[in-house]
There are 2 protein chains.
Amino acid sequence: MIVLSNDDGFNAEGLRVLRREMMKVAEVVIVAPETEQSAMGHAITLTQPLKVREVVENGELIGYAVNGTPADCVKIATTVLLDQPPEMVVSGINLGGNLGTCAIYSGTVSAATEATIMEIPAIAVSLNTFENPDFSFAGEFTRKLAPLVLEKGLPQGVALNVNVPAVPRSEIKGVTVTRQGRSRVVETFDKRVDPRNNTYYWMAGEMRFDEADEDTDCRRVSNNYVSVTPIHFDLTSHRTIAKLKDWDISL
Amino acid sequence: MIVLSNDDGFNAEGLRVLRREMMKVAEVVIVAPETEQSAMGHAITLTQPLKVREVVENGELIGYAVNGTPADCVKIATTVLLDQPPEMVVSGINLGGNLGTCAIYSGTVSAATEATIMEIPAIAVSLNTFENPDFSFAGEFTRKLAPLVLEKGLPQGVALNVNVPAVPRSEIKGVTVTRQGRSRVVETFDKRVDPRNNTYYWMAGEMRFDEADEDTDCRRVSNNYVSVTPIHFDLTSHRTIAKLKDWDISL
């Protein structure tokens with residue numbers, strides 16, 4: 001059984017396209033947030049209870065909608081809802097790329113990361129556009145990639161973060177293995193005053209692609225390649241360890 | 001100016017101890033969530049406006065309470081609230097350790113990570129207990145570490161994740177530089193039924209310390225050492241890149 005999740009919510013088009021494609025190659029069940037959970041990062045829900053709604057369509061149980069985050073969905077799917085751990089978690093297809101630094105804000109990516117923590121192979125898939133999305137090619141690509149992941153296996157603790165350019169199939173130049181770039185969103189805060197004279201702010205911002213290195217996710221997707229980045233949850237900056245050992249931080 | 005933040009909320013004791021200590025060595029301002037935001041991971045708030053409340057105590061502006069996440073606090077502090085970017089962000093002192101895999105769920109750690117994305121040096125500090133916390137030694141240690149970070153500098157994109165054992169000062173054996181361990185929380189879901197016959201679940205769980213390696217944060221803190229782990233936001237599993245290049249994932 002393959003669990004499908006996302007952060008755009010149970011009824012998002014990208015998830016439905018993913019399901020349609022994945023059903024061709026595997027048994028699937030959706031365990032996804034009831035509502036949009038974008039930019040939730042790796043949040044989990046500890047301060048309120050999780051409610052689970054069985055979703056039946058055309059007389060068939062197609063999955064579970066959870067009032068929580070994508071990481072919650074993976075946890076509750078594996079621990080409670082399924083009889084045995086899923087073979088794989090596939091998360092997406094996200095509306096908008098999860099490239100460079102932005103990957104750390106992504107609920108879609110966190111569903112995949114949570115799966116790897118539970119030692120389940122996982123893929124996160126995102127389509128790099130917010131406008132007029134056509135998820136069909138990203139869906140087909142995932143349908144081919146998922147069995148390959150099951151066949152080849154991934155190192156323990158590693159998931160794949162896949163980003164697909166939003167261009168017609170004929171313009172896609174190929175598939176590349178990349179590393180996470182350093183491009184980031186530069187925020188702006190739109191300041192307003194409410195009728196009771198309280199100040200509030202809307203966070204906005206746009207992705208600044210200032211990546212020079214060709215082998216990063218950001219650059220490759222900008223150049224119309226599908227990007228596949230192996231990611232893990234080890235935040236250690238290993239090369240900084242030696243440097244710190246030279247510091248005098250004794251008590 | 002040093003920004004102090006956390007995920008336990010503006011009025012948490014750990015943050016107040018941190019402020020008291022840091023005031024001895026620097027100018028500080030608190031920019032912290034109005035309410036507890038534990039386990040928020042690297043969430044940011046896009047779907048509702050951020051409200052900022054100036055907090056005045058004894059006639060002095062000590063900081064800003066924000067109705068958002070720790071990452072929101074760092075973003076709005078740097079972009080809107082301060083005249084110039086802070087020299088450093090110090091986040092904590094967290095009630096409970098942020099060790100092993102748990103670091104990725106931590107709002108306290110995410111405030112530090114967010115700072116590094118904005119190219120500001122940062123430290124996250126956690127006290128490894130939930131009961132009868134005594135933050136005083138962790139506060140003193142941070143007061144010594146912070147100037148060292150300013151003096152020595154950290155590589156771009158790197159922050160320090162500090163975990164302090166909750167034992168009397170005399171029992172602390174020393175300070176070690178560590179890597180993030182793989183110990184994780186093993187969840188349990190407590191199933192209940194509400195008066196209207198709906199099923200809901202409370203997520204609980206406990207940290208399972210099954211770490212064998214001595215140089216990990218989990219082991220060192222268990223053995224009464226202060227742990228300093230350099231962390232970054234690059235999720236790439238660099239050693240998996242070569243493996244994936246052998247796969248046939250062409251179109």
# chains A, B, ... in the order shown; residues from 1 in each chain; ligands from 1
>>> residues_around(residues="Leu61 in chain A", least_positions_apart="3", cutoff="12 Å", atoms="only C-alpha atoms", output="ChimeraX atom specification")
/A:28-31,53-58,64-65
>>> closest_atom_pairs(of="chain B", to="chain A", cutoff="8 Å", atoms="only C-alpha atoms", output="CSV")
residue,atom,partner,partner_atom,distance
B:Ala39,CA,A:Ala43,CA,5.5
B:Met40,CA,A:Ala43,CA,4.1
B:Gly41,CA,A:Ala43,CA,4.4
B:His42,CA,A:Gly41,CA,4.4
B:Ala43,CA,A:Met40,CA,4.1
B:Ile44,CA,A:Ala39,CA,5.6
B:Thr45,CA,A:Ala39,CA,7.1
B:Leu46,CA,A:Met203,CA,6.0
B:Gln48,CA,A:Trp202,CA,7.1
B:Pro49,CA,A:Trp202,CA,4.8
B:Leu50,CA,A:Tyr201,CA,5.0
B:Lys51,CA,A:Tyr200,CA,4.7
B:Val52,CA,A:Tyr200,CA,6.8
B:Lys75,CA,A:Glu187,CA,7.6
B:Ile76,CA,A:Phe189,CA,7.6
B:Thr79,CA,A:Thr188,CA,7.3
B:Val80,CA,A:Phe189,CA,7.2
B:Thr101,CA,A:Phe233,CA,7.1
B:Ile104,CA,A:His42,CA,6.5
B:Tyr105,CA,A:His42,CA,5.6
B:Ile117,CA,A:Thr101,CA,7.7
B:Phe141,CA,A:Leu251,CA,7.8
B:Leu145,CA,A:Ile249,CA,7.0
B:Pro155,CA,A:Thr240,CA,7.4
B:Val158,CA,A:Ser237,CA,6.9
B:Gly174,CA,A:Leu251,CA,6.2
B:Val175,CA,A:Ser250,CA,5.7
B:Val177,CA,A:Lys245,CA,6.5
B:Thr178,CA,A:Ile241,CA,7.2
B:Arg179,CA,A:Thr236,CA,5.7
B:Gln180,CA,A:Thr236,CA,5.7
B:Arg184,CA,A:Ile117,CA,7.8
B:Glu187,CA,A:Lys75,CA,7.7
B:Thr188,CA,A:Thr79,CA,7.3
B:Phe189,CA,A:Val80,CA,7.3
B:Thr199,CA,A:Lys51,CA,6.7
B:Tyr200,CA,A:Lys51,CA,4.6
B:Tyr201,CA,A:Leu50,CA,5.0
B:Trp202,CA,A:Pro49,CA,4.8
B:Met203,CA,A:Leu46,CA,6.0
B:Ala204,CA,A:Leu46,CA,7.4
B:Thr229,CA,A:Thr236,CA,6.7
B:Pro230,CA,A:Ser237,CA,5.4
B:Ile231,CA,A:Thr236,CA,4.4
B:His232,CA,A:Leu235,CA,5.6
B:Phe233,CA,A:Leu235,CA,6.5
B:Asp234,CA,A:Gln180,CA,6.5
B:Leu235,CA,A:Ile231,CA,5.1
B:Thr236,CA,A:Ile231,CA,4.4
B:Ser237,CA,A:Ile231,CA,4.9
B:His238,CA,A:Arg179,CA,7.2
B:Thr240,CA,A:Pro230,CA,6.3
B:Ile241,CA,A:Pro230,CA,6.5
B:Leu244,CA,A:Val177,CA,6.8
B:Lys245,CA,A:Val177,CA,6.4
B:Ile249,CA,A:Val175,CA,6.7
B:Ser250,CA,A:Val175,CA,5.6
B:Leu251,CA,A:Gly174,CA,6.2
>>> closest_residue(among="B:Pro168, B:Gly14, B:Pro85, B:Gly68", to="Ser126 in chain B", atoms="only C-alpha atoms")
B:Gly14
>>> atom_distance(atom1="CA of Asp246 in chain B", atom2="CA of Met1 in chain A")
26.6 Å
>>> select_by_dssp(residues="range 12-244 of chain B", states="strand (DSSP E)", output="ChimeraX atom specification")
/B:28-33,50-57,60-66,88-95,122-127,158-164,174-177,184-193,199-208,225-232
>>> atom_distance(atom1="CA of Glu140 in chain A", atom2="CA of Arg169 in chain A")
10.6 Å
>>> residues_around(residues="Ala12 in chain B", least_positions_apart="5", cutoff="10 Å", atoms="only C-alpha atoms", output="list in words")
Asn6, Asp7, Val17, Ala32, Thr35, Glu36, Gly92, Ile93, Asn94 and Leu95 of chain B
>>> select_by_dssp(residues="range 14-213 of chain A", states="helix (DSSP H, G or I)", output="short mmCIF file (atom, residue, chain, number, x, y, z; two decimals) with N, CA and C atoms, in the first residue's frame")
data_model
loop_
_atom_site.label_atom_id
_atom_site.label_comp_id
_atom_site.auth_asym_id
_atom_site.auth_seq_id
_atom_site.Cartn_x
_atom_site.Cartn_y
_atom_site.Cartn_z
N GLY A 14 -3.75 18.61 -7.59
CA GLY A 14 -2.46 17.91 -7.73
C GLY A 14 -2.47 16.53 -7.08
N LEU A 15 -3.16 16.43 -5.95
CA LEU A 15 -3.25 15.14 -5.25
C LEU A 15 -4.12 14.17 -6.03
N ARG A 16 -5.17 14.68 -6.63
CA ARG A 16 -6.07 13.82 -7.40
C ARG A 16 -5.38 13.28 -8.65
N VAL A 17 -4.59 14.14 -9.30
CA VAL A 17 -3.83 13.68 -10.48
C VAL A 17 -2.83 12.61 -10.03
N LEU A 18 -2.16 12.87 -8.91
CA LEU A 18 -1.20 11.90 -8.38
C LEU A 18 -1.88 10.55 -8.14
N ARG A 19 -3.07 10.60 -7.53
CA ARG A 19 -3.79 9.35 -7.24
C ARG A 19 -4.12 8.60 -8.53
N ARG A 20 -4.63 9.35 -9.52
CA ARG A 20 -5.03 8.73 -10.79
C ARG A 20 -3.83 8.00 -11.41
N GLU A 21 -2.68 8.64 -11.40
CA GLU A 21 -1.49 8.02 -12.00
C GLU A 21 -0.98 6.85 -11.15
N MET A 22 -0.89 7.07 -9.86
CA MET A 22 -0.31 6.04 -9.00
C MET A 22 -1.17 4.78 -8.94
N PRO A 70 0.70 17.81 7.33
CA PRO A 70 1.17 16.66 6.54
C PRO A 70 1.97 15.66 7.39
N ALA A 71 2.82 16.15 8.29
CA ALA A 71 3.59 15.22 9.14
C ALA A 71 2.65 14.43 10.05
N ASP A 72 1.61 15.10 10.58
CA ASP A 72 0.59 14.38 11.35
C ASP A 72 -0.02 13.24 10.53
N CYS A 73 -0.34 13.55 9.26
CA CYS A 73 -1.00 12.55 8.40
C CYS A 73 -0.15 11.30 8.26
N VAL A 74 1.14 11.49 8.05
CA VAL A 74 2.02 10.33 7.88
C VAL A 74 2.12 9.55 9.18
N LYS A 75 2.21 10.27 10.28
CA LYS A 75 2.30 9.59 11.59
C LYS A 75 1.04 8.78 11.87
N ILE A 76 -0.13 9.39 11.67
CA ILE A 76 -1.36 8.69 12.04
C ILE A 76 -1.69 7.59 11.03
N ALA A 77 -1.31 7.79 9.77
CA ALA A 77 -1.52 6.73 8.78
C ALA A 77 -0.75 5.49 9.18
N THR A 78 0.50 5.67 9.53
CA THR A 78 1.39 4.55 9.81
C THR A 78 1.07 3.90 11.14
N THR A 79 0.71 4.73 12.12
CA THR A 79 0.54 4.23 13.48
C THR A 79 -0.86 3.70 13.74
N VAL A 80 -1.87 4.31 13.11
CA VAL A 80 -3.27 4.01 13.46
C VAL A 80 -4.08 3.48 12.28
N LEU A 81 -4.03 4.17 11.15
CA LEU A 81 -5.02 3.92 10.11
C LEU A 81 -4.75 2.67 9.27
N GLY A 100 15.38 25.10 -3.40
CA GLY A 100 16.31 25.87 -2.58
C GLY A 100 15.87 25.87 -1.14
N THR A 101 16.09 26.98 -0.48
CA THR A 101 15.77 27.13 0.93
C THR A 101 14.29 26.89 1.22
N CYS A 102 13.42 27.15 0.24
CA CYS A 102 11.97 27.00 0.46
C CYS A 102 11.57 25.61 0.87
N ALA A 103 12.37 24.62 0.53
CA ALA A 103 12.00 23.24 0.89
C ALA A 103 11.77 23.10 2.39
N ILE A 104 12.46 23.92 3.21
CA ILE A 104 12.30 23.73 4.66
C ILE A 104 10.97 24.26 5.19
N TYR A 105 10.28 25.08 4.41
CA TYR A 105 8.95 25.57 4.82
C TYR A 105 7.83 24.64 4.36
N GLY A 107 5.22 21.80 3.72
CA GLY A 107 4.52 20.67 4.31
C GLY A 107 4.60 19.44 3.42
N THR A 108 4.57 19.65 2.12
CA THR A 108 4.66 18.51 1.19
C THR A 108 5.98 17.77 1.37
N VAL A 109 7.06 18.53 1.48
CA VAL A 109 8.37 17.90 1.71
C VAL A 109 8.41 17.25 3.09
N SER A 110 7.79 17.89 4.09
CA SER A 110 7.86 17.34 5.45
C SER A 110 7.13 16.00 5.55
N ALA A 111 6.09 15.80 4.74
CA ALA A 111 5.42 14.49 4.74
C ALA A 111 6.41 13.41 4.31
N ALA A 112 7.22 13.72 3.31
CA ALA A 112 8.22 12.75 2.85
C ALA A 112 9.31 12.56 3.91
N THR A 113 9.74 13.64 4.52
CA THR A 113 10.77 13.54 5.56
C THR A 113 10.27 12.73 6.74
N GLU A 114 9.01 12.98 7.13
CA GLU A 114 8.43 12.23 8.25
C GLU A 114 8.43 10.74 7.94
N ALA A 115 8.11 10.39 6.69
CA ALA A 115 8.13 8.98 6.30
C ALA A 115 9.52 8.39 6.49
N THR A 116 10.55 9.12 6.10
CA THR A 116 11.90 8.56 6.23
C THR A 116 12.28 8.38 7.70
N ILE A 117 11.77 9.27 8.55
CA ILE A 117 12.02 9.10 10.00
C ILE A 117 11.43 7.78 10.46
N SER A 136 -0.30 16.93 -15.32
CA SER A 136 -0.30 15.61 -15.96
C SER A 136 1.11 15.04 -16.15
N PHE A 137 2.04 15.82 -16.63
CA PHE A 137 3.39 15.27 -16.83
C PHE A 137 4.04 14.91 -15.49
N ALA A 138 3.88 15.78 -14.50
CA ALA A 138 4.45 15.49 -13.17
C ALA A 138 3.87 14.19 -12.62
N GLY A 139 2.59 13.96 -12.88
CA GLY A 139 1.94 12.71 -12.45
C GLY A 139 2.53 11.51 -13.15
N GLU A 140 2.70 11.61 -14.47
CA GLU A 140 3.28 10.49 -15.23
C GLU A 140 4.71 10.20 -14.77
N PHE A 141 5.47 11.26 -14.55
CA PHE A 141 6.86 11.06 -14.12
C PHE A 141 6.91 10.34 -12.77
N THR A 142 6.02 10.75 -11.86
CA THR A 142 5.98 10.12 -10.53
C THR A 142 5.59 8.65 -10.64
N ARG A 143 4.66 8.36 -11.53
CA ARG A 143 4.22 6.98 -11.74
C ARG A 143 5.39 6.10 -12.22
N LYS A 144 6.33 6.70 -12.95
CA LYS A 144 7.51 5.93 -13.38
C LYS A 144 8.58 5.87 -12.29
N LEU A 145 8.73 6.98 -11.56
CA LEU A 145 9.80 7.05 -10.56
C LEU A 145 9.52 6.16 -9.34
N ALA A 146 8.25 6.12 -8.91
CA ALA A 146 7.91 5.41 -7.67
C ALA A 146 8.31 3.93 -7.71
N PRO A 147 8.00 3.20 -8.79
CA PRO A 147 8.42 1.79 -8.81
C PRO A 147 9.95 1.64 -8.81
N LEU A 148 10.63 2.60 -9.41
CA LEU A 148 12.10 2.57 -9.42
C LEU A 148 12.65 2.72 -8.00
N VAL A 149 12.01 3.59 -7.23
CA VAL A 149 12.43 3.77 -5.83
C VAL A 149 12.21 2.48 -5.04
N LEU A 150 11.06 1.82 -5.29
CA LEU A 150 10.78 0.56 -4.59
C LEU A 150 11.78 -0.52 -4.99
N GLU A 151 12.14 -0.52 -6.27
CA GLU A 151 13.06 -1.55 -6.78
C GLU A 151 14.48 -1.32 -6.27
N LYS A 152 14.96 -0.09 -6.42
CA LYS A 152 16.36 0.21 -6.09
C LYS A 152 16.56 0.45 -4.59
N ARG A 169 5.39 19.26 -22.09
CA ARG A 169 6.23 18.06 -22.09
C ARG A 169 7.37 18.14 -23.12
N SER A 170 7.06 18.70 -24.27
CA SER A 170 8.05 18.76 -25.36
C SER A 170 9.22 19.68 -25.04
N GLU A 171 9.03 20.58 -24.07
CA GLU A 171 10.10 21.52 -23.73
C GLU A 171 10.96 21.04 -22.56
#
>>> decode(residues="range 6-104 of chain B", atoms="C-alpha atoms", output="mmCIF file, in the first residue's frame")
data_model
loop_
_atom_site.group_PDB
_atom_site.id
_atom_site.type_symbol
_atom_site.label_atom_id
_atom_site.label_comp_id
_atom_site.auth_asym_id
_atom_site.auth_seq_id
_atom_site.Cartn_x
_atom_site.Cartn_y
_atom_site.Cartn_z
ATOM 1 C CA ASN B 6 11.612 31.030 21.425
ATOM 2 C CA ASP B 7 8.660 28.768 20.786
ATOM 3 C CA ASP B 8 7.290 28.567 24.310
ATOM 4 C CA GLY B 9 5.905 32.099 24.011
ATOM 5 C CA PHE B 10 6.759 35.611 25.160
ATOM 6 C CA ASN B 11 6.164 34.957 28.839
ATOM 7 C CA ALA B 12 7.996 31.654 29.162
ATOM 8 C CA GLU B 13 10.423 31.472 32.047
ATOM 9 C CA GLY B 14 13.254 30.151 29.868
ATOM 10 C CA LEU B 15 13.093 33.250 27.674
ATOM 11 C CA ARG B 16 13.102 35.559 30.690
ATOM 12 C CA VAL B 17 16.184 33.849 32.146
ATOM 13 C CA LEU B 18 17.853 34.121 28.742
ATOM 14 C CA ARG B 19 17.072 37.841 28.644
ATOM 15 C CA ARG B 20 18.402 38.438 32.127
ATOM 16 C CA GLU B 21 21.689 36.750 31.274
ATOM 17 C CA MET B 22 22.116 38.174 27.770
ATOM 18 C CA MET B 23 21.458 41.723 29.039
ATOM 19 C CA LYS B 24 24.742 41.457 30.916
ATOM 20 C CA VAL B 25 26.706 41.242 27.658
ATOM 21 C CA ALA B 26 24.580 42.863 24.931
ATOM 22 C CA GLU B 27 21.644 45.025 23.976
ATOM 23 C CA VAL B 28 18.685 42.695 23.558
ATOM 24 C CA VAL B 29 15.109 42.802 22.330
ATOM 25 C CA ILE B 30 12.575 39.986 22.535
ATOM 26 C CA VAL B 31 10.574 39.150 19.409
ATOM 27 C CA ALA B 32 8.656 36.046 20.340
ATOM 28 C CA PRO B 33 5.315 34.347 19.736
ATOM 29 C CA GLU B 34 2.390 35.649 21.775
ATOM 30 C CA THR B 35 1.452 32.054 22.657
ATOM 31 C CA GLU B 36 3.139 28.688 22.792
ATOM 32 C CA GLN B 37 4.194 27.427 19.366
ATOM 33 C CA SER B 38 5.915 24.185 20.284
ATOM 34 C CA ALA B 39 6.328 21.562 17.575
ATOM 35 C CA MET B 40 5.602 24.130 14.882
ATOM 36 C CA GLY B 41 8.678 23.097 12.928
ATOM 37 C CA HIS B 42 9.686 25.627 10.340
ATOM 38 C CA ALA B 43 6.163 26.920 9.777
ATOM 39 C CA ILE B 44 5.510 30.433 8.546
ATOM 40 C CA THR B 45 2.196 32.274 8.484
ATOM 41 C CA LEU B 46 0.886 33.136 5.038
ATOM 42 C CA THR B 47 -2.874 32.758 5.386
ATOM 43 C CA GLN B 48 -3.521 35.262 8.147
ATOM 44 C CA PRO B 49 -2.068 38.620 9.061
ATOM 45 C CA LEU B 50 0.601 38.986 11.726
ATOM 46 C CA LYS B 51 -0.208 41.235 14.652
ATOM 47 C CA VAL B 52 2.593 42.727 16.685
ATOM 48 C CA ARG B 53 2.148 43.905 20.269
ATOM 49 C CA GLU B 54 4.746 46.145 21.876
ATOM 50 C CA VAL B 55 5.548 44.830 25.333
ATOM 51 C CA VAL B 56 6.424 47.472 27.912
ATOM 52 C CA GLU B 57 7.520 46.477 31.399
ATOM 53 C CA ASN B 58 8.457 48.989 34.102
ATOM 54 C CA GLY B 59 8.221 51.747 31.528
ATOM 55 C CA GLU B 60 10.690 50.090 29.161
ATOM 56 C CA LEU B 61 10.005 48.512 25.746
ATOM 57 C CA ILE B 62 11.403 45.027 26.189
ATOM 58 C CA GLY B 63 10.172 43.535 22.957
ATOM 59 C CA TYR B 64 7.373 42.502 20.640
ATOM 60 C CA ALA B 65 4.853 39.683 20.934
ATOM 61 C CA VAL B 66 3.776 38.327 17.538
ATOM 62 C CA ASN B 67 0.730 36.136 16.786
ATOM 63 C CA GLY B 68 2.840 33.846 14.646
ATOM 64 C CA THR B 69 5.528 31.217 14.643
ATOM 65 C CA PRO B 70 9.168 31.548 15.728
ATOM 66 C CA ALA B 71 10.258 31.762 12.075
ATOM 67 C CA ASP B 72 7.694 34.553 11.547
ATOM 68 C CA CYS B 73 9.199 36.401 14.525
ATOM 69 C CA VAL B 74 12.689 36.342 13.073
ATOM 70 C CA LYS B 75 11.455 37.427 9.652
ATOM 71 C CA ILE B 76 9.365 40.335 10.938
ATOM 72 C CA ALA B 77 12.035 41.418 13.448
ATOM 73 C CA THR B 78 14.647 41.664 10.735
ATOM 74 C CA THR B 79 12.451 43.059 7.978
ATOM 75 C CA VAL B 80 10.129 45.422 9.854
ATOM 76 C CA LEU B 81 10.716 45.905 13.569
ATOM 77 C CA LEU B 82 14.423 46.709 13.772
ATOM 78 C CA ASP B 83 16.159 49.586 12.057
ATOM 79 C CA GLN B 84 19.032 47.364 11.070
ATOM 80 C CA PRO B 85 19.508 43.600 10.983
ATOM 81 C CA PRO B 86 20.328 42.097 14.391
ATOM 82 C CA GLU B 87 23.887 41.003 15.116
ATOM 83 C CA MET B 88 22.576 37.675 16.306
ATOM 84 C CA VAL B 89 19.443 35.700 17.138
ATOM 85 C CA VAL B 90 19.368 33.617 20.306
ATOM 86 C CA SER B 91 16.376 31.314 20.667
ATOM 87 C CA GLY B 92 15.286 29.619 23.868
ATOM 88 C CA ILE B 93 15.791 28.587 26.514
ATOM 89 C CA ASN B 94 13.493 25.829 25.383
ATOM 90 C CA LEU B 95 11.567 23.764 27.914
ATOM 91 C CA GLY B 96 12.632 20.274 26.789
ATOM 92 C CA GLY B 97 15.581 19.073 24.764
ATOM 93 C CA ASN B 98 15.789 19.395 20.987
ATOM 94 C CA LEU B 99 17.880 16.334 20.373
ATOM 95 C CA GLY B 100 18.224 13.885 17.530
ATOM 96 C CA THR B 101 15.400 13.799 15.029
ATOM 97 C CA CYS B 102 13.254 15.993 17.303
ATOM 98 C CA ALA B 103 15.212 19.048 16.267
ATOM 99 C CA ILE B 104 13.241 19.168 13.018
#
